[in-house]
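upload-v3.cif, holding mmCIF, C-alpha atoms:
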```
data_input
#
loop_
_atom_site.group_PDB
_atom_site.id
_atom_site.type_symbol
_atom_site.label_atom_id
_atom_site.label_comp_id
_atom_site.auth_asym_id
_atom_site.auth_seq_id
_atom_site.Cartn_x
_atom_site.Cartn_y
_atom_site.Cartn_z
ATOM 1 C CA MET A 1 6.926 -15.959 4.792
ATOM 2 C CA ASN A 2 9.734 -13.434 4.860
ATOM 3 C CA VAL A 3 9.408 -10.825 2.092
ATOM 4 C CA MET A 4 13.153 -10.248 2.194
ATOM 5 C CA ASP A 5 13.800 -13.850 1.106
ATOM 6 C CA HIS A 6 11.895 -13.632 -2.185
ATOM 7 C CA PRO A 7 13.097 -11.359 -5.024
ATOM 8 C CA VAL A 8 9.677 -11.570 -6.702
ATOM 9 C CA PHE A 9 8.352 -8.938 -4.280
ATOM 10 C CA ARG A 10 10.614 -6.434 -6.040
ATOM 11 C CA ARG A 11 8.381 -6.897 -9.098
ATOM 12 C CA PHE A 12 5.306 -5.112 -7.775
ATOM 13 C CA TRP A 13 4.251 -1.473 -7.566
ATOM 14 C CA TYR A 14 4.114 0.093 -4.085
ATOM 15 C CA PRO A 15 2.829 3.582 -3.115
ATOM 16 C CA VAL A 16 5.913 4.697 -1.235
ATOM 17 C CA MET A 17 5.474 8.480 -0.867
ATOM 18 C CA PRO A 18 2.680 11.091 -0.956
ATOM 19 C CA LEU A 19 3.229 13.467 -3.860
ATOM 20 C CA ASP A 20 2.545 16.433 -1.577
ATOM 21 C CA ARG A 21 5.700 15.641 0.395
ATOM 22 C CA LEU A 22 7.829 15.585 -2.747
ATOM 23 C CA ARG A 23 6.734 19.112 -3.584
ATOM 24 C CA GLU A 24 8.708 20.167 -0.514
ATOM 25 C CA GLY A 25 11.927 18.518 -1.709
ATOM 26 C CA PRO A 26 13.539 15.076 -1.986
ATOM 27 C CA ARG A 27 12.472 12.386 0.477
ATOM 28 C CA GLY A 28 14.016 9.121 1.562
ATOM 29 C CA PHE A 29 12.249 5.782 1.926
ATOM 30 C CA VAL A 30 13.342 2.170 2.432
ATOM 31 C CA LEU A 31 11.529 -0.359 0.230
ATOM 32 C CA LEU A 32 12.319 -4.037 0.810
ATOM 33 C CA GLY A 33 15.568 -3.000 2.433
ATOM 34 C CA GLN A 34 16.577 -0.746 -0.478
ATOM 35 C CA PRO A 35 17.148 2.913 0.505
ATOM 36 C CA LEU A 36 15.523 5.232 -2.041
ATOM 37 C CA VAL A 37 15.464 8.929 -2.751
ATOM 38 C CA LEU A 38 12.290 10.251 -4.361
ATOM 39 C CA PHE A 39 11.932 13.633 -6.035
ATOM 40 C CA LEU A 40 9.980 15.452 -8.733
ATOM 41 C CA ASP A 41 11.739 15.856 -12.082
ATOM 42 C CA ASP A 42 11.538 18.885 -14.394
ATOM 43 C CA ASP A 43 8.154 17.679 -15.680
ATOM 44 C CA GLY A 44 6.790 17.396 -12.141
ATOM 45 C CA ALA A 45 6.748 13.581 -12.337
ATOM 46 C CA PRO A 46 8.110 11.492 -9.449
ATOM 47 C CA ALA A 47 11.431 9.706 -9.811
ATOM 48 C CA ALA A 48 13.181 7.133 -7.608
ATOM 49 C CA LEU A 49 16.917 6.480 -7.336
ATOM 50 C CA GLU A 50 19.140 4.625 -4.903
ATOM 51 C CA ASP A 51 19.771 6.932 -1.979
ATOM 52 C CA ARG A 52 23.541 7.071 -2.319
ATOM 53 C CA CYS A 53 25.765 9.392 -4.314
ATOM 54 C CA CYS A 54 28.314 7.524 -6.463
ATOM 55 C CA HIS A 55 30.995 10.047 -5.442
ATOM 56 C CA ARG A 56 31.350 9.704 -1.660
ATOM 57 C CA THR A 57 28.152 7.751 -0.785
ATOM 58 C CA ALA A 58 26.266 10.615 0.899
ATOM 59 C CA GLN A 59 22.494 10.246 1.009
ATOM 60 C CA LEU A 60 20.874 12.124 -1.853
ATOM 61 C CA SER A 61 17.674 12.480 0.185
ATOM 62 C CA LEU A 62 19.537 15.003 2.366
ATOM 63 C CA GLY A 63 20.095 17.240 -0.651
ATOM 64 C CA GLU A 64 17.812 19.421 -2.734
ATOM 65 C CA VAL A 65 16.144 19.489 -6.129
ATOM 66 C CA CYS A 66 17.672 21.861 -8.698
ATOM 67 C CA ASP A 67 15.980 22.228 -12.093
ATOM 68 C CA GLY A 68 14.330 18.832 -11.756
ATOM 69 C CA LYS A 69 17.549 17.065 -10.727
ATOM 70 C CA VAL A 70 18.414 15.822 -7.264
ATOM 71 C CA ALA A 71 21.623 17.389 -5.937
ATOM 72 C CA CYS A 72 23.896 15.653 -3.450
ATOM 73 C CA PRO A 73 24.264 17.559 -0.153
ATOM 74 C CA TYR A 74 28.009 16.781 0.009
ATOM 75 C CA HIS A 75 29.493 18.192 -3.211
ATOM 76 C CA GLY A 76 26.438 19.148 -5.267
ATOM 77 C CA TRP A 77 26.580 16.447 -7.932
ATOM 78 C CA ARG A 78 23.237 16.411 -9.758
ATOM 79 C CA TYR A 79 21.363 13.343 -11.018
ATOM 80 C CA ASP A 80 18.441 13.063 -13.429
ATOM 81 C CA ARG A 81 15.534 10.618 -13.109
ATOM 82 C CA ALA A 82 17.531 7.940 -14.979
ATOM 83 C CA GLY A 83 20.237 8.072 -12.309
ATOM 84 C CA GLN A 84 22.772 9.735 -14.607
ATOM 85 C CA CYS A 85 24.989 12.420 -13.109
ATOM 86 C CA VAL A 86 24.512 15.419 -15.378
ATOM 87 C CA HIS A 87 26.396 18.162 -13.554
ATOM 88 C CA ILE A 88 29.470 18.410 -11.313
ATOM 89 C CA PRO A 89 29.813 21.968 -9.955
ATOM 90 C CA GLN A 90 33.587 21.636 -9.534
ATOM 91 C CA MET A 91 33.941 20.665 -13.225
ATOM 92 C CA PRO A 92 31.118 22.647 -14.882
ATOM 93 C CA ASP A 93 32.466 22.364 -18.422
ATOM 94 C CA ARG A 94 33.098 18.614 -18.324
ATOM 95 C CA ASP A 95 30.598 15.891 -19.226
ATOM 96 C CA PRO A 96 30.337 13.600 -16.159
ATOM 97 C CA GLY A 97 30.179 10.576 -18.473
ATOM 98 C CA PRO A 98 28.064 7.388 -18.280
ATOM 99 C CA ARG A 99 30.052 5.777 -15.467
ATOM 100 C CA ARG A 100 28.988 8.443 -12.979
ATOM 101 C CA ARG A 101 25.485 7.223 -12.219
ATOM 102 C CA VAL A 102 23.316 5.533 -9.606
ATOM 103 C CA ALA A 103 20.567 2.925 -9.906
ATOM 104 C CA ALA A 104 17.156 4.165 -11.018
ATOM 105 C CA TYR A 105 13.830 2.423 -10.419
ATOM 106 C CA HIS A 106 10.400 2.328 -12.035
ATOM 107 C CA CYS A 107 8.379 5.238 -10.659
ATOM 108 C CA THR A 108 5.041 6.827 -11.547
ATOM 109 C CA SER A 109 2.166 8.671 -9.901
ATOM 110 C CA ARG A 110 -1.318 7.403 -9.082
ATOM 111 C CA TYR A 111 -3.958 8.258 -6.472
ATOM 112 C CA GLY A 112 -1.811 11.020 -4.962
ATOM 113 C CA TYR A 113 1.255 8.811 -4.401
ATOM 114 C CA ALA A 114 4.589 8.057 -6.035
ATOM 115 C CA TRP A 115 4.524 4.317 -6.809
ATOM 116 C CA VAL A 116 7.804 2.414 -7.151
ATOM 117 C CA ALA A 117 8.769 -1.018 -8.452
ATOM 118 C CA LEU A 118 12.364 -2.108 -7.885
ATOM 119 C CA ASP A 119 12.303 -4.520 -10.870
ATOM 120 C CA THR A 120 10.080 -4.969 -13.940
ATOM 121 C CA PRO A 121 6.505 -5.142 -12.594
ATOM 122 C CA LEU A 122 4.444 -8.305 -13.059
ATOM 123 C CA PHE A 123 1.147 -6.382 -12.994
ATOM 124 C CA ASP A 124 -0.050 -2.823 -13.462
ATOM 125 C CA ILE A 125 -0.990 -0.631 -10.521
ATOM 126 C CA PRO A 126 -4.472 -1.799 -9.469
ATOM 127 C CA ALA A 127 -7.271 0.134 -11.145
ATOM 128 C CA ILE A 128 -9.720 1.505 -8.579
ATOM 129 C CA PRO A 129 -12.909 2.080 -10.624
ATOM 130 C CA GLU A 130 -14.422 4.631 -8.220
ATOM 131 C CA ALA A 131 -11.420 6.920 -8.749
ATOM 132 C CA ALA A 132 -12.776 7.642 -12.238
ATOM 133 C CA GLU A 133 -16.388 8.164 -11.152
ATOM 134 C CA PRO A 134 -17.472 11.823 -10.735
ATOM 135 C CA ASP A 135 -19.621 11.238 -7.655
ATOM 136 C CA PHE A 136 -16.689 9.885 -5.617
ATOM 137 C CA GLU A 137 -14.090 12.044 -3.868
ATOM 138 C CA LEU A 138 -10.643 10.611 -3.122
ATOM 139 C CA ILE A 139 -9.463 11.442 0.408
ATOM 140 C CA GLN A 140 -6.028 10.617 1.836
ATOM 141 C CA GLU A 141 -6.235 8.937 5.243
ATOM 142 C CA PHE A 142 -3.100 7.287 6.696
ATOM 143 C CA TYR A 143 0.603 7.109 5.932
ATOM 144 C CA GLU A 144 2.486 5.584 8.850
ATOM 145 C CA GLU A 145 4.795 2.735 9.789
ATOM 146 C CA TRP A 146 3.456 -0.337 11.579
ATOM 147 C CA LYS A 147 5.383 -3.253 13.058
ATOM 148 C CA VAL A 148 3.456 -5.853 11.095
ATOM 149 C CA ALA A 149 3.820 -8.045 8.012
ATOM 150 C CA GLY A 150 1.854 -6.780 5.034
ATOM 151 C CA LEU A 151 0.057 -10.060 4.365
ATOM 152 C CA ARG A 152 -1.290 -10.098 7.934
ATOM 153 C CA VAL A 153 -3.031 -6.784 7.233
ATOM 154 C CA MET A 154 -4.353 -7.959 3.869
ATOM 155 C CA GLU A 155 -5.853 -11.048 5.477
ATOM 156 C CA ASN A 156 -7.366 -8.909 8.218
ATOM 157 C CA GLU A 157 -9.053 -6.613 5.682
ATOM 158 C CA LEU A 158 -11.203 -9.503 4.435
ATOM 159 C CA ASP A 159 -11.582 -11.339 7.745
ATOM 160 C CA MET A 160 -15.235 -10.734 8.576
ATOM 161 C CA ALA A 161 -15.094 -12.740 11.818
ATOM 162 C CA HIS A 162 -12.921 -10.280 13.728
ATOM 163 C CA PRO A 163 -15.187 -7.154 13.812
ATOM 164 C CA SER A 164 -17.438 -8.680 16.485
ATOM 165 C CA TYR A 165 -14.390 -8.723 18.791
ATOM 166 C CA VAL A 166 -11.857 -6.139 17.597
ATOM 167 C CA HIS A 167 -14.313 -3.451 16.482
ATOM 168 C CA LEU A 168 -16.895 -3.370 19.263
ATOM 169 C CA GLY A 169 -15.879 0.252 19.840
ATOM 170 C CA THR A 170 -16.880 1.204 16.285
ATOM 171 C CA PHE A 171 -19.027 -0.921 13.960
ATOM 172 C CA GLY A 172 -18.644 -4.523 15.199
ATOM 173 C CA SER A 173 -21.783 -6.358 16.274
ATOM 174 C CA PRO A 174 -21.710 -9.330 18.681
ATOM 175 C CA GLU A 175 -24.861 -10.534 16.963
ATOM 176 C CA HIS A 176 -23.125 -10.942 13.589
ATOM 177 C CA LEU A 177 -20.100 -13.173 14.050
ATOM 178 C CA VAL A 178 -19.436 -13.938 10.378
ATOM 179 C CA ALA A 179 -20.370 -12.600 6.946
ATOM 180 C CA GLU A 180 -23.346 -14.046 5.115
ATOM 181 C CA ASP A 181 -23.339 -15.161 1.457
ATOM 182 C CA ALA A 182 -19.542 -14.839 1.215
ATOM 183 C CA GLU A 183 -18.131 -15.697 -2.219
ATOM 184 C CA ILE A 184 -14.663 -15.520 -3.778
ATOM 185 C CA THR A 185 -13.885 -15.299 -7.485
ATOM 186 C CA GLU A 186 -10.217 -15.524 -8.441
ATOM 187 C CA PHE A 187 -8.517 -13.651 -11.274
ATOM 188 C CA ASP A 188 -4.931 -13.398 -12.454
ATOM 189 C CA GLY A 189 -3.175 -11.580 -9.621
ATOM 190 C CA GLY A 190 -5.910 -11.560 -6.991
ATOM 191 C CA PHE A 191 -9.578 -12.198 -6.280
ATOM 192 C CA HIS A 192 -12.964 -10.545 -5.786
ATOM 193 C CA TYR A 193 -14.841 -11.035 -2.530
ATOM 194 C CA THR A 194 -18.516 -10.364 -1.869
ATOM 195 C CA GLY A 195 -20.647 -10.819 1.219
ATOM 196 C CA ARG A 196 -22.788 -8.984 3.761
ATOM 197 C CA LEU A 197 -22.290 -8.237 7.427
ATOM 198 C CA GLY A 198 -24.537 -6.675 10.056
ATOM 199 C CA VAL A 199 -22.997 -3.679 11.834
ATOM 200 C CA THR A 200 -23.920 -1.403 14.724
ATOM 201 C CA GLN A 201 -23.342 1.782 12.728
ATOM 202 C CA ALA A 202 -22.496 3.012 9.244
ATOM 203 C CA HIS A 203 -20.078 5.626 7.934
ATOM 204 C CA HIS A 204 -22.907 8.016 7.063
ATOM 205 C CA ALA A 205 -25.229 7.156 9.982
ATOM 206 C CA GLN A 206 -23.028 6.527 12.969
ATOM 207 C CA GLN A 207 -25.813 5.963 15.483
ATOM 208 C CA ASP A 208 -27.917 3.431 13.596
ATOM 209 C CA ARG A 209 -27.699 -0.316 13.043
ATOM 210 C CA ASN A 210 -27.216 -1.276 9.431
ATOM 211 C CA GLU A 211 -25.916 -3.972 7.108
ATOM 212 C CA ARG A 212 -22.817 -3.779 4.950
ATOM 213 C CA PHE A 213 -22.850 -5.201 1.435
ATOM 214 C CA LEU A 214 -19.215 -5.845 0.596
ATOM 215 C CA ASP A 215 -17.730 -5.693 -2.891
ATOM 216 C CA CYS A 216 -13.987 -6.099 -2.425
ATOM 217 C CA SER A 217 -10.848 -6.897 -4.394
ATOM 218 C CA TRP A 218 -7.457 -8.156 -3.246
ATOM 219 C CA TYR A 219 -4.460 -7.547 -5.511
ATOM 220 C CA VAL A 220 -1.309 -9.544 -4.925
ATOM 221 C CA PRO A 221 0.660 -8.900 -2.842
ATOM 222 C CA PHE A 222 -0.486 -6.047 -0.598
ATOM 223 C CA VAL A 223 -3.336 -3.943 -2.000
ATOM 224 C CA CYS A 224 -6.943 -4.347 -0.901
ATOM 225 C CA ARG A 225 -10.008 -2.394 -2.082
ATOM 226 C CA LEU A 226 -13.133 -2.592 0.070
ATOM 227 C CA ARG A 227 -16.319 -1.093 -1.309
ATOM 228 C CA ILE A 228 -18.995 -0.846 1.367
ATOM 229 C CA ASN A 229 -22.611 -0.306 0.346
ATOM 230 C CA TYR A 230 -25.299 -0.075 3.010
ATOM 231 C CA ALA A 231 -28.726 -1.685 3.235
ATOM 232 C CA ASP A 232 -30.409 1.690 3.848
ATOM 233 C CA GLY A 233 -29.199 2.972 0.470
ATOM 234 C CA GLY A 234 -26.723 5.434 1.965
ATOM 235 C CA PRO A 235 -23.620 6.562 0.055
ATOM 236 C CA ALA A 236 -20.947 3.990 -0.715
ATOM 237 C CA HIS A 237 -17.611 4.163 1.085
ATOM 238 C CA VAL A 238 -14.504 2.675 -0.547
ATOM 239 C CA ILE A 239 -11.346 1.975 1.454
ATOM 240 C CA VAL A 240 -8.055 1.233 -0.322
ATOM 241 C CA ASN A 241 -5.433 -0.212 1.997
ATOM 242 C CA CYS A 242 -1.861 -0.782 0.779
ATOM 243 C CA GLN A 243 0.975 -2.291 2.758
ATOM 244 C CA VAL A 244 4.425 -1.177 1.614
ATOM 245 C CA PRO A 245 7.116 -3.614 2.849
ATOM 246 C CA ILE A 246 10.006 -1.782 4.463
ATOM 247 C CA ASP A 247 11.566 -5.059 5.550
ATOM 248 C CA GLN A 248 10.445 -8.199 7.329
ATOM 249 C CA GLY A 249 8.033 -7.184 10.092
ATOM 250 C CA ARG A 250 7.736 -3.496 9.149
ATOM 251 C CA SER A 251 5.231 -2.028 6.712
ATOM 252 C CA GLN A 252 4.245 1.463 5.693
ATOM 253 C CA VAL A 253 0.472 1.677 5.975
ATOM 254 C CA VAL A 254 -1.000 3.638 3.079
ATOM 255 C CA GLN A 255 -4.751 4.106 3.160
ATOM 256 C CA PHE A 256 -7.038 6.364 1.205
ATOM 257 C CA CYS A 257 -10.784 6.313 0.759
ATOM 258 C CA LEU A 258 -13.275 7.307 -1.907
ATOM 259 C CA GLN A 259 -16.510 8.689 -0.540
ATOM 260 C CA GLN A 260 -19.646 8.849 -2.624
ATOM 261 C CA ASP A 261 -21.574 12.118 -2.542
ATOM 262 C CA HIS A 262 -25.253 11.867 -3.401
ATOM 263 C CA GLY A 263 -25.413 15.628 -3.756
ATOM 264 C CA GLY A 264 -25.899 16.655 -0.163
ATOM 265 C CA GLY A 265 -22.252 16.593 0.873
ATOM 266 C CA PHE A 266 -20.871 14.608 3.804
ATOM 267 C CA ASP A 267 -19.185 15.183 7.155
ATOM 268 C CA ARG A 268 -15.542 14.714 6.217
ATOM 269 C CA GLU A 269 -14.188 14.991 9.748
ATOM 270 C CA ALA A 270 -16.651 12.457 11.172
ATOM 271 C CA LEU A 271 -15.900 10.038 8.350
ATOM 272 C CA LEU A 272 -12.114 10.287 8.789
ATOM 273 C CA ALA A 273 -12.392 10.003 12.572
ATOM 274 C CA PHE A 274 -14.479 6.852 12.189
ATOM 275 C CA ASP A 275 -11.972 5.181 9.863
ATOM 276 C CA ARG A 276 -9.088 6.256 12.077
ATOM 277 C CA LYS A 277 -10.641 4.677 15.147
ATOM 278 C CA VAL A 278 -11.294 1.442 13.239
ATOM 279 C CA THR A 279 -7.702 1.347 11.996
ATOM 280 C CA LEU A 280 -6.236 1.838 15.474
ATOM 281 C CA GLU A 281 -8.392 -1.014 16.767
ATOM 282 C CA ASP A 282 -6.796 -3.219 14.111
ATOM 283 C CA LYS A 283 -3.273 -1.910 14.771
ATOM 284 C CA ARG A 284 -3.368 -2.889 18.443
ATOM 285 C CA VAL A 285 -4.000 -6.538 17.567
ATOM 286 C CA LEU A 286 -2.056 -6.846 14.314
ATOM 287 C CA GLU A 287 1.194 -5.567 15.794
ATOM 288 C CA SER A 288 1.016 -8.461 18.250
ATOM 289 C CA THR A 289 1.021 -11.084 15.468
ATOM 290 C CA ASP A 290 4.028 -13.074 14.235
ATOM 291 C CA PRO A 291 5.380 -11.412 11.057
ATOM 292 C CA ASP A 292 6.606 -14.754 9.718
ATOM 293 C CA MET A 293 3.174 -15.760 8.422
ATOM 294 C CA PRO A 294 3.061 -19.401 7.263
ATOM 295 C CA LEU A 295 1.701 -19.980 3.779
ATOM 296 C CA ASP A 296 1.289 -23.693 4.410
ATOM 297 C CA PRO A 297 -2.236 -24.085 5.880
ATOM 298 C CA ARG A 298 -0.844 -26.566 8.391
ATOM 299 C CA GLY A 299 1.204 -23.794 9.976
ATOM 300 C CA GLU A 300 -1.792 -22.338 11.871
ATOM 301 C CA LYS A 301 -5.277 -23.520 12.826
ATOM 302 C CA HIS A 302 -8.278 -22.245 10.838
ATOM 303 C CA MET A 303 -12.068 -21.953 10.690
ATOM 304 C CA ALA A 304 -14.571 -21.680 7.841
ATOM 305 C CA SER A 305 -14.587 -17.859 7.796
ATOM 306 C CA ASP A 306 -10.806 -17.852 7.173
ATOM 307 C CA LYS A 307 -11.293 -18.709 3.506
ATOM 308 C CA PRO A 308 -10.184 -15.316 2.089
ATOM 309 C CA GLY A 309 -6.910 -15.531 4.007
ATOM 310 C CA LEU A 310 -6.361 -19.139 2.990
ATOM 311 C CA VAL A 311 -6.899 -18.255 -0.668
ATOM 312 C CA MET A 312 -4.371 -15.420 -0.266
ATOM 313 C CA ARG A 313 -1.836 -17.820 1.216
ATOM 314 C CA ARG A 314 -2.361 -20.368 -1.559
ATOM 315 C CA MET A 315 -2.010 -17.739 -4.281
ATOM 316 C CA MET A 316 1.085 -16.287 -2.635
ATOM 317 C CA GLN A 317 2.670 -19.729 -2.379
ATOM 318 C CA ARG A 318 1.961 -20.335 -6.052
ATOM 319 C CA LEU A 319 3.554 -16.986 -6.914
ATOM 320 C CA LEU A 320 6.699 -17.853 -4.949
ATOM 321 C CA ASP A 321 6.894 -21.314 -6.483
ATOM 322 C CA GLU A 322 6.521 -19.980 -10.020
ATOM 323 C CA HIS A 323 9.297 -17.442 -9.577
ATOM 324 C CA ALA A 324 11.653 -19.423 -7.356
ATOM 325 C CA LEU A 325 13.738 -20.696 -10.269
ATOM 326 C CA THR A 326 13.621 -17.617 -12.490
ATOM 327 C CA ASP A 327 14.599 -15.302 -9.601
ATOM 328 C CA ALA A 328 17.325 -17.578 -8.246
#
```
Represent the structure contained in this file as structure tokens.
Amino acid sequence: MNVMDHPVFRRFWYPVMPLDRLREGPRGFVLLGQPLVLFLDDDGAPAALEDRCCHRTAQLSLGEVCDGKVACPYHGWRYDRAGQCVHIPQMPDRDPGPRRRVAAYHCTSRYGYAWVALDTPLFDIPAIPEAAEPDFELIQEFYEEWKVAGLRVMENELDMAHPSYVHLGTFGSPEHLVAEDAEITEFDGGFHYTGRLGVTQAHHAQQDRNERFLDCSWYVPFVCRLRINYADGGPAHVIVNCQVPIDQGRSQVVQFCLQQDHGGGFDREALLAFDRKVTLEDKRVLESTDPDMPLDPRGEKHMASDKPGLVMRRMMQRLLDEHALTDA
């Protein structure tokens, strides 16, 4: 599956830029091959336009923000969040008119990021319930480019057979090769996954054997929420992993976590270091995989524990089939 071949992927929300970076000025990003400029408007809300001035095609992301408008670095033309040019310094008393404009895209803020959809979204931004719970703290973790297809990472997030090989340096246990009591319940636009897996250490007790009780959700196409509860009753740890497709074979990895605090605080640095080490163990293997992931189950060989990934592939194929004619 090549994300660049299917216009339907333009109809989803992606967390393309940390809001903190936009407070420093406009930033560029490429989403599904489309160059974007992101900036904060006069209300402090994120906006996304095509990264090209309609005057002489200079990149707007090289400019600056003036009174909530992004100004071209070449001649200073200013654009509002709707993509309309509202000011030309060389003709200050003249209305630029409706023909002087650039494309604007859906853009909003959530979980500390500017989310963008290039076309009308099919679904809302996934609701992460723990983000509204007072005993959970949201912590930003990773924002970096990987040479991997987004669906490969999504499948990996719910592949409970790989920790006993890939994650022996962190939590993986050679005694627990697959998850127990694994169940999948589908909903419109994704599925819930539950199961339990023995591990050599937990987020809050990194020297002790434990068992993870998994309560996870996958949201089509590239958002996965993993809630990890532990058998010893320790605080829950929620990982939200999003893959933002730059183009075929390149994804921006966006990951944040929500850590439960039972009142005694937690070791933030140890927690982040643990997740970072786990993620790098995954990166080493995932970047070696073929980005053209087959949705047809006959395209690769499988085993019983591959069910979450196979359900993802089936749901993705159905999505592409449903929108093949309307997007043509």
_Polymer residues at most 6 Å from range 226-236 of chain A, only C-alpha atoms, same-chain spacing of 5 or more positions, as a ChimeraX atom specification_ = /A:211-216,260
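Closest approach to Ile239 in chain A from the set A:Phe136, A:Phe191, A:Phe171, A:Phe266 is made by A:Phe136, with distances taken over only C-alpha atoms.
Selection check: the PyMOL selection byres ((chain A and resi 112) around 9) on the shown file gives Pro15, Met17, Pro18, Leu19, Asp20, Ser109, Arg110, Tyr111, Tyr113, Ala114 and Gln140 of chain A.
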Residues of range 261-316 of chain A that have any atom at most 7 Å from an atom of range 152-164 of chain A: could you tabulate them with the shortest-distance atom pair and the distance in Å to one decimal, using only C-alpha atoms, ordered by chain and increasing number, as a tab-separated table?
```
residue	atom	partner	partner_atom	distance
A:Ser305	CA	A:Ala161	CA	6.5
A:Asp306	CA	A:Asp159	CA	6.6
A:Pro308	CA	A:Leu158	CA	6.4
A:Gly309	CA	A:Glu155	CA	4.8
```
Selection to disk with C-alpha atoms, as a tab-separated table (two decimals), in the frame of the given file:
```tsv
chain	number	residue	atom	x	y	z
A	305	SER	CA	-14.59	-17.86	7.80
A	306	ASP	CA	-10.81	-17.85	7.17
A	308	PRO	CA	-10.18	-15.32	2.09
A	309	GLY	CA	-6.91	-15.53	4.01
```
Taking the file as shown, what set of residues would the PyMOL selection byres ((chain A and resi 121-131) around 8) give back, as an mmCIF file with C-alpha atoms, in the frame of the given file?
```
data_model
loop_
_atom_site.group_PDB
_atom_site.id
_atom_site.type_symbol
_atom_site.label_atom_id
_atom_site.label_comp_id
_atom_site.auth_asym_id
_atom_site.auth_seq_id
_atom_site.Cartn_x
_atom_site.Cartn_y
_atom_site.Cartn_z
ATOM 1 C CA ARG A 10 10.614 -6.434 -6.040
ATOM 2 C CA ARG A 11 8.381 -6.897 -9.098
ATOM 3 C CA PHE A 12 5.306 -5.112 -7.775
ATOM 4 C CA TRP A 13 4.251 -1.473 -7.566
ATOM 5 C CA TYR A 111 -3.958 8.258 -6.472
ATOM 6 C CA ALA A 117 8.769 -1.018 -8.452
ATOM 7 C CA ASP A 119 12.303 -4.520 -10.870
ATOM 8 C CA THR A 120 10.080 -4.969 -13.940
ATOM 9 C CA ALA A 132 -12.776 7.642 -12.238
ATOM 10 C CA GLU A 133 -16.388 8.164 -11.152
ATOM 11 C CA PHE A 136 -16.689 9.885 -5.617
ATOM 12 C CA GLU A 137 -14.090 12.044 -3.868
ATOM 13 C CA LEU A 138 -10.643 10.611 -3.122
ATOM 14 C CA GLY A 189 -3.175 -11.580 -9.621
ATOM 15 C CA TYR A 219 -4.460 -7.547 -5.511
ATOM 16 C CA VAL A 223 -3.336 -3.943 -2.000
ATOM 17 C CA ARG A 225 -10.008 -2.394 -2.082
ATOM 18 C CA VAL A 238 -14.504 2.675 -0.547
ATOM 19 C CA LEU A 258 -13.275 7.307 -1.907
#
```
_Residue neighbourhood range 98-107 of chain A, 10 Å, all atoms listed in the file, exclusion window fewer than 3 positions, as a PyMOL selection string_ = chain A and resi 11-16+36-38+45-55+77-86+95+114-121
*Pick from A:Gln248, A:Tyr74, A:His237, A:Leu177 nearest to Tyr165 in chain A, counting only C-alpha atoms*: A:Leu177
*asked:* When the PyMOL selection byres ((chain A and resi 255) around 7) is applied to the structure above, which residues does it catch, written out as a VMD selection string?
replied: chain A and resid 140 to 143 240 to 242 253 to 254 256 to 257
Create the file for the chosen residues now, containing C-alpha atoms and written as a compact mmCIF listing (two decimals), in the coordinates of the input.
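result.txt written:
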```txt
# COMPACT_ATOMS: atom_id res chain seq x y z
CA GLN A 140 -6.03 10.62 1.84
CA GLU A 141 -6.24 8.94 5.24
CA PHE A 142 -3.10 7.29 6.70
CA TYR A 143 0.60 7.11 5.93
CA VAL A 240 -8.06 1.23 -0.32
CA ASN A 241 -5.43 -0.21 2.00
CA CYS A 242 -1.86 -0.78 0.78
CA VAL A 253 0.47 1.68 5.98
CA VAL A 254 -1.00 3.64 3.08
CA PHE A 256 -7.04 6.36 1.20
CA CYS A 257 -10.78 6.31 0.76
```
*Separation of CA of Ser251 in chain A from CA of Gly33 in chain A in Å*: 11.2 Å
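You will find CA of Met312 in chain A at 21.9 Å from CA of Leu31 in chain A.
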*asked:* Nearest residue to Arg21 in chain A out of A:Gln317, A:Val8, A:Lys147, A:Phe39, using only C-alpha atoms?
replied: A:Phe39
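Remark: for Gly198 in chain A, the closest of the candidate residues A:Ala273, A:Ala71, A:Val178, A:Ile184 is A:Val178 (distances computed over only C-alpha atoms).
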How big is the axis-aligned box, and where does its centre sit, when it encloses all atoms of range 13-19 of chain A listed in the file and has 8 Å added on every side, reported in Å to one decimal as AutoDock Vina command-line options?
```
--center_x 4.3 --center_y 6.0 --center_z -4.2 --size_x 19.2 --size_y 30.9 --size_z 22.7
```
*asked:* I'd like the contact shell of range 276-291 of chain A - 7 Å cut-off, all atoms listed in the file, skipping same-chain residues fewer than 4 positions apart - returned as a ChimeraX atom specification.
replied: /A:147-149,166-167,170,249,272
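Among A:Asp41, A:Asp5, A:Asp247, A:Asp135, the residue with the shortest atom-to-atom distance to Leu22 in chain A, counting only C-alpha atoms, is A:Asp41.
From CA of Leu40 in chain A back to CA of Val244 in chain A, the distance works out to 20.4 Å.
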